[in-house]
Structure formats: structure tokens, C-alpha cells
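*Asks:* Below is one structure. I have some questions about it.
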Amino acid sequence: MDILEHNMNDTIICGILNVTPDSFSDGGCWNTTEKAVAHALKLIEDGAKMLDIGGESTRPGAKPVSASEEIKRIIPVIEAIKKKTNIPLSVDTWKSDVALAALHAGADIINDITGFAGDKKMPEVIANTKCQVIIMANAVVFRQDEHSSKNFFLPKCEDYSHFFNEEERLHLCKLDIVQALIQYLKRSIDIAKNAGIDMHNISIDPGFGFGLTTQENIKLFKEISCFQTFHLPLFVGISRKRFVAEILQNAGFETAPHTVDGFKNRDYASAFLGAKLATNGVQILRVHSPYEQRFALTLETCMH
């Protein structure tokens with residue numbers, strides 16, 4: 001299925017499949033091929049129409065892994081899932097070597113959380129393979145010294161000079177956060193065009209949670225329609241993110257990830273917010289729990 005040619009009146013639920021030992025909510029749960037495939041099939045059963053596979057955790061405090069380790073984690077999983085289903089597979093990586101290996105193994109989409117800032121070879125891989133790509137605006141990349149970015153995952157690369165110079169970076173830091181993320185995506189899209197990537201193969205992600213304060217995430221949520229000016233499919237991931245938990249905590253709800261109620265409350269809240277985003281132009285929702293998200297979307301659709 002081409003996610004960009006899908007009937008966008010129907011919100012696409014993208015199930016998260018982390019095959020890592022240290023992801024923030026499910027690290028180590030699906031870190032064997034057998035467990036990963038079983039979980040993938042459950043995500044599909046619960047309503048996922050595509051899957052996003054991650055072999056490197058991007059949670060705050062996460063340590064980067066080598067391309068070879070990431071490939072070792074994800075390739076057997078991609079190949080095994082493709083034997084069971086033809087569901088579109090996205091791979092969450094910023095490394096061009098990992099992207100190429102994943103595409104050769106059967107992946108359909110690359111989800112670059114740096115929006116081409118992390119690896120200058122990534123646009124060439126996308127252009128040459130003619131695959132689909134999700135490019136994300138990442139506030140951590142341009143404001144590494146902000147308190148909200150401290151301990152956040154940051155790709156280890158030589159520098160970001162191919163993406164922006166120091167003057168441009170400082171300019172982004174001075175902008176309103178929503179405008180800064182929009183400018184970031186404009187740069188990513190310019191790079192895509194220059195590399196020869198077909199615009200019909202691009203989706204954009206505004207970057208909820210990455211180096212943003214709770215108030216900045218709330219502002220981004222309220223102004224999500226601003227990103228429709230790109231006329232590209234919007235891919236959003238807010239599932240179980242820290243700012244969602246902080247909102248619930250401040251209201252007195254349990255959110256501890258090691259408790260049953262904590263997990264349920266995060267998923268209920270994520271599903272509610274996801275349904276609201278869908279009514280404001282978001283076409284693809286990246287979630288840990290497709291069932292709850294499908295439940296919320298069904299109710300939201302009936303009320304309109």
C-alpha cells in the first residue's frame with residue numbers, strides 16, 4: 001500500500017515495533033525475531049495499517065548504537081514480517097547504511113528523525129531507491145544547549161554544516177517554536193528536492209516531544225494545522241510521550257510506566273489526543289496501542 005495514495009479521509013494507524021533493549025516504554029519486550037513478529041501481528045490485528053520498526057532507542061538518555069548493530073537488530077525482523085504479511089514497513093533510522101540495508105530487506109519507508117540533518121548521504125539513498133520517506137523536524141538538533149534538550153538522544157555525526165550553518169542555527173533558536181519547526185522542515189524539503197526525491201514520496205513529522213517543553217508541545221498541538229501549508233501528509237507520534245504523562249500527573253492521574261494503570265492512562269490519553277489531531281489534518285498516527293487509537297478515532301468520526 002502506498003501510504004501517500006491512501007484515502008486520507010481514513011486516518012492511518014502506524015503501530016510502533018521497537019526491537020531494542022532500551023526503548024522508554026517497551027525496551028526489551030520484542031528483542032527477539034519471534035517476539036517481534038508476534039507483536040507485529042498483534043498490532044495489525046488491533047488496527048495498525050503500517051508498522052514503524054526501530055532498532056535504536058531515541059528516548060532521553062539513550063546511547064547511540066552502531067549501524068552494524070542496528071542492522072543486526074532489524075533485518076531479521078523485517079524479513080520475517082514480510083513472510084507473514086504485506087503490510088507497509090517503515091524503519092525508524094537516521095543512518096543511510098541502515099536505511100539501504102532495510103530497503104533491500106523489504107522495508108517500504110524510511111522514517112528519519114533528523115529530517116536529513118543526521119546523515120548527508122540519506123537523501124541520495126531515498127532518491128536512488130525511490131522509496132517513501134518521513135522527515136521529522138528535530139528541535140534537539142538546533143538547540144542542543146537548551147534545558148529541554150538535555151539528555152535527549154542526538155545522532156552522533158561530524159557536524160550539521162550540510163544542513164545549516166551556525167548563523168542559521170542561532171536564528172532558529174530565536175524563533176517561535178512552531179515557526180522554527182516549520183523552517184526546519186522547509187530546509188529538509190529543499191534538500192529532498194535538490195537530491196531528486198519525488199515530493200509525492202514525502203511525509204512530514206513536526207517532532208512532538210523531541211527537546212520540547214510540555215508547554216511547547218501543547219502549543220504545537222494547538223497549532224498543528226499550520227503544517228498543512230506544506231500540502232504533504234502529516235505523520236505524528238505522541239504516544240506515551242513524557243509531556244502527555246506530565247499533563248496527567250499534574251491532574252493527579254497515575255502514569256508510572258511499571259504500573260497497569262500508568263500504562264493504560266498514557267494510552268487512553270494518547271488515543272484521545274491522536275483522535276483530536278486526526279480531525280485537524282493529521283493523516284498518520286504513530287502509536288504503541290492501535291486498539292485504543294482505533295477506538296478513539298471511531299468515536300471522534302461519529303461525532304463529526
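Naming works like this for the C-alpha cells: A, B, ... for the chains as they're shown, residue 1 at the start of each chain, ligands 1 onward in shown order.
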From a backbone DSSP assignment, name each residue in region 50-160 of chain A labelled alpha helix (DSSP H), as a VMD selection string.
*Replies:* chain A and resid 67 to 84 96 to 105 122 to 129 139 to 142
*Asks:* Using only C-alpha atoms, find each residue in region 87-134 of chain A having at least one atom no more than 12 Å away from region 229-242 of chain A; report its shortest atom-to-atom pair and that distance in Å (one decimal), rows by chain then rising number, as JSON lines.
*Replies:*
{"residue": "A:Ser90", "atom": "CA", "partner": "A:Phe235", "partner_atom": "CA", "distance": 11.8}
{"residue": "A:Asn111", "atom": "CA", "partner": "A:Phe235", "partner_atom": "CA", "distance": 9.9}
{"residue": "A:Asp112", "atom": "CA", "partner": "A:Phe235", "partner_atom": "CA", "distance": 11.8}
{"residue": "A:Ile113", "atom": "CA", "partner": "A:Gly237", "partner_atom": "CA", "distance": 11.1}
{"residue": "A:Gln132", "atom": "CA", "partner": "A:Pro233", "partner_atom": "CA", "distance": 11.5}
{"residue": "A:Val133", "atom": "CA", "partner": "A:Phe235", "partner_atom": "CA", "distance": 10.7}
{"residue": "A:Ile134", "atom": "CA", "partner": "A:Phe235", "partner_atom": "CA", "distance": 7.5}
*Asks:* Considering only C-alpha atoms, state which residue in the set A:Gly47, A:Pro257, A:Gly196, A:Gly281 is at the smallest distance from Ile126 (chain A).
*Replies:*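 Under the stated criterion, the closest residue is A:Gly196.
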*Asks:* Compare A:Lys193, A:Lys186, A:Lys222, A:Lys82 by their minimum atom-to-atom distance to Asp205 (chain A), counting only C-alpha atoms, and give me the closest one.
*Replies:*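 Smallest separation from Asp205 (chain A) among the options: A:Lys186.
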*Asks:* Please, what distance in Å, to one decimal, runs between CA of Lys121 (chain A) and CA of Ser96 (chain A)?
*Replies:* 5.9 Å
*Asks:* Which value, in Å to one decimal, gives the distance between CA of Tyr291 (chain A) and CA of Asp46 (chain A)?
*Replies:*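 It comes out at 4.7 Å.
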*Asks:* With distances taken over only C-alpha atoms, which residue among A:Ala127, A:Val77, A:Ala251, A:Ala102 lies nearest Asp198 (chain A)?
*Replies:* A:Ala127
*Asks:* Mind giving me the straight-line distance from CA of Asn128 (chain A) to CA of Ala67 (chain A) in Å, one decimal?
*Replies:*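 Taking CA of Asn128 (chain A) as the start and CA of Ala67 (chain A) as the end point, the length is 19.8 Å.
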*Asks:* As a ChimeraX atom specification, please: all residues of region 54-102 of chain A that backbone DSSP puts in strand (DSSP E).
*Replies:* /A:54,89-92
*Asks:* Write the residues of the preceding selection, restricted to C-alpha atoms, as a PDB file, in the first residue's frame.
*Replies:*
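What ended up in again.pdb:
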ATOM      1  CA  GLY A  54      13.084   0.863  15.397  1.00  0.00           C
ATOM      2  CA  LEU A  89       7.005  -1.332   6.863  1.00  0.00           C
ATOM      3  CA  SER A  90       8.685   1.896   7.927  1.00  0.00           C
ATOM      4  CA  VAL A  91      12.134   1.827   9.505  1.00  0.00           C
ATOM      5  CA  ASP A  92      12.992   4.445  12.111  1.00  0.00           C
TER       6      ASP A  92
END
*Asks:* Return the single residue from A:Gly209, A:Pro88, A:Gly55, A:Pro76 that is closest to Thr20 (chain A), with distances computed using only C-alpha atoms.
*Replies:*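 When distances to Thr20 (chain A) are compared using only C-alpha atoms, the smallest one comes from A:Gly55.
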*Asks:* Identify, on the basis of only C-alpha atoms, every residue whose closest approach to Glu292 (chain A) does not exceed 7 Å; exclude the query and any residue fewer than 4 positions from it along the same chain; express the result as a list in words.
*Replies:*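 Near Glu292 (chain A), the qualifying residues are Asp267, Tyr268, Ala271 and Ala296 of chain A.
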*Asks:* Could the residues in this selection be written to a file with N, CA and C atoms, as a JSON list (two decimals), in the first residue's frame?
*Replies:*
[["chain", "number", "residue", "atom", "x", "y", "z"],
["A", 267, "ASP", "N", -2.00, 5.44, 27.45],
["A", 267, "ASP", "CA", -2.57, 5.03, 26.17],
["A", 267, "ASP", "C", -3.93, 5.67, 25.93],
["A", 268, "TYR", "N", -4.74, 5.79, 26.98],
["A", 268, "TYR", "CA", -6.03, 6.47, 26.83],
["A", 268, "TYR", "C", -5.81, 7.93, 26.39],
["A", 271, "ALA", "N", -4.49, 8.18, 22.82],
["A", 271, "ALA", "CA", -5.55, 7.91, 21.85],
["A", 271, "ALA", "C", -6.49, 9.10, 21.71],
["A", 296, "ALA", "N", -10.77, 5.38, 19.78],
["A", 296, "ALA", "CA", -10.97, 6.82, 19.89],
["A", 296, "ALA", "C", -11.31, 7.44, 18.54]]
*Asks:* Which residues are close to region 176-182 of chain A, i.e. within 9 Å by only C-alpha atoms, leaving aside same-chain residues fewer than 4 positions away? Reply as a list in words.
*Replies:*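 In the requested form, the answer reads Met136, Ala137, Asn138, Ala139, His171, Leu172, Lys186, Arg187, Pro206, Gly207, Leu212, Glu216, Lys219, Leu220, Glu223, Ile224, Cys226 and Phe227 of chain A.
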*Asks:* Quick one: residues within 9 Å of Leu51 (chain A), only C-alpha atoms, excluding same-chain residues fewer than 4 positions away - as a short mmCIF file (atom, residue, chain, number, x, y, z; two decimals) with N, CA, C and O atoms, in the first residue's frame?
*Replies:*
data_model
loop_
_atom_site.label_atom_id
_atom_site.label_comp_id
_atom_site.auth_asym_id
_atom_site.auth_seq_id
_atom_site.Cartn_x
_atom_site.Cartn_y
_atom_site.Cartn_z
N ILE A 13 -3.33 4.25 11.09
CA ILE A 13 -2.69 3.95 12.35
C ILE A 13 -1.40 3.19 12.08
O ILE A 13 -1.41 2.14 11.43
N CYS A 14 -0.30 3.75 12.55
CA CYS A 14 1.02 3.13 12.39
C CYS A 14 1.45 2.54 13.73
O CYS A 14 1.64 3.27 14.70
N GLY A 15 1.60 1.24 13.79
CA GLY A 15 1.99 0.58 15.02
C GLY A 15 3.49 0.65 15.25
O GLY A 15 4.28 0.50 14.31
N ILE A 16 3.91 0.89 16.47
CA ILE A 16 5.32 1.00 16.84
C ILE A 16 5.87 -0.37 17.22
O ILE A 16 5.31 -1.05 18.09
N LEU A 17 6.96 -0.74 16.58
CA LEU A 17 7.62 -2.01 16.90
C LEU A 17 9.09 -1.74 17.20
O LEU A 17 9.92 -1.62 16.30
N ALA A 40 4.10 -7.77 16.05
CA ALA A 40 3.70 -7.11 14.81
C ALA A 40 2.32 -7.58 14.37
O ALA A 40 1.45 -6.77 14.00
N LEU A 43 -0.29 -6.05 16.59
CA LEU A 43 -0.53 -4.64 16.24
C LEU A 43 -1.45 -4.54 15.03
O LEU A 43 -2.36 -3.69 14.98
N ILE A 44 -1.22 -5.41 14.04
CA ILE A 44 -2.06 -5.42 12.84
C ILE A 44 -3.48 -5.83 13.19
O ILE A 44 -4.46 -5.22 12.74
N ILE A 87 1.96 -5.83 4.85
CA ILE A 87 1.73 -4.51 5.42
C ILE A 87 2.95 -3.61 5.19
O ILE A 87 4.09 -4.09 5.26
N PRO A 88 2.77 -2.33 4.87
CA PRO A 88 3.92 -1.44 4.66
C PRO A 88 4.76 -1.33 5.94
O PRO A 88 4.24 -1.17 7.03
N LEU A 89 6.08 -1.42 5.74
CA LEU A 89 7.01 -1.33 6.86
C LEU A 89 7.85 -0.07 6.74
O LEU A 89 8.52 0.16 5.74
N SER A 90 7.82 0.73 7.81
CA SER A 90 8.68 1.90 7.93
C SER A 90 9.82 1.53 8.88
O SER A 90 9.61 0.77 9.83
N VAL A 91 11.00 2.06 8.61
CA VAL A 91 12.13 1.83 9.50
C VAL A 91 12.60 3.17 10.07
O VAL A 91 12.89 4.10 9.32
N ARG A 286 1.35 7.54 14.75
CA ARG A 286 2.31 6.52 15.19
C ARG A 286 2.02 6.20 16.66
O ARG A 286 2.19 7.05 17.53
#
*Asks:* Which residues, written as a PyMOL selection string, have at least one atom at most 9 Å from Phe116 (chain A), with only C-alpha atoms counted and residues fewer than 2 positions away on the same chain left out?
*Replies:* chain A and resi 94+112-114+118-123+135-136+163+188+191-192
*Asks:* When distances are computed from only C-alpha atoms, which of A:Ile12, A:Ala269, A:Ile284, A:Ala105 shows the smallest separation from Lys49 (chain A)?
*Replies:* A:Ile12
*Asks:* Ranking A:Ala80, A:Leu41, A:Leu185, A:Val19 by minimum distance to Glu56 (chain A) and counting only C-alpha atoms, which one comes first?
*Replies:*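 When distances to Glu56 (chain A) are compared using only C-alpha atoms, the smallest one comes from A:Val19.
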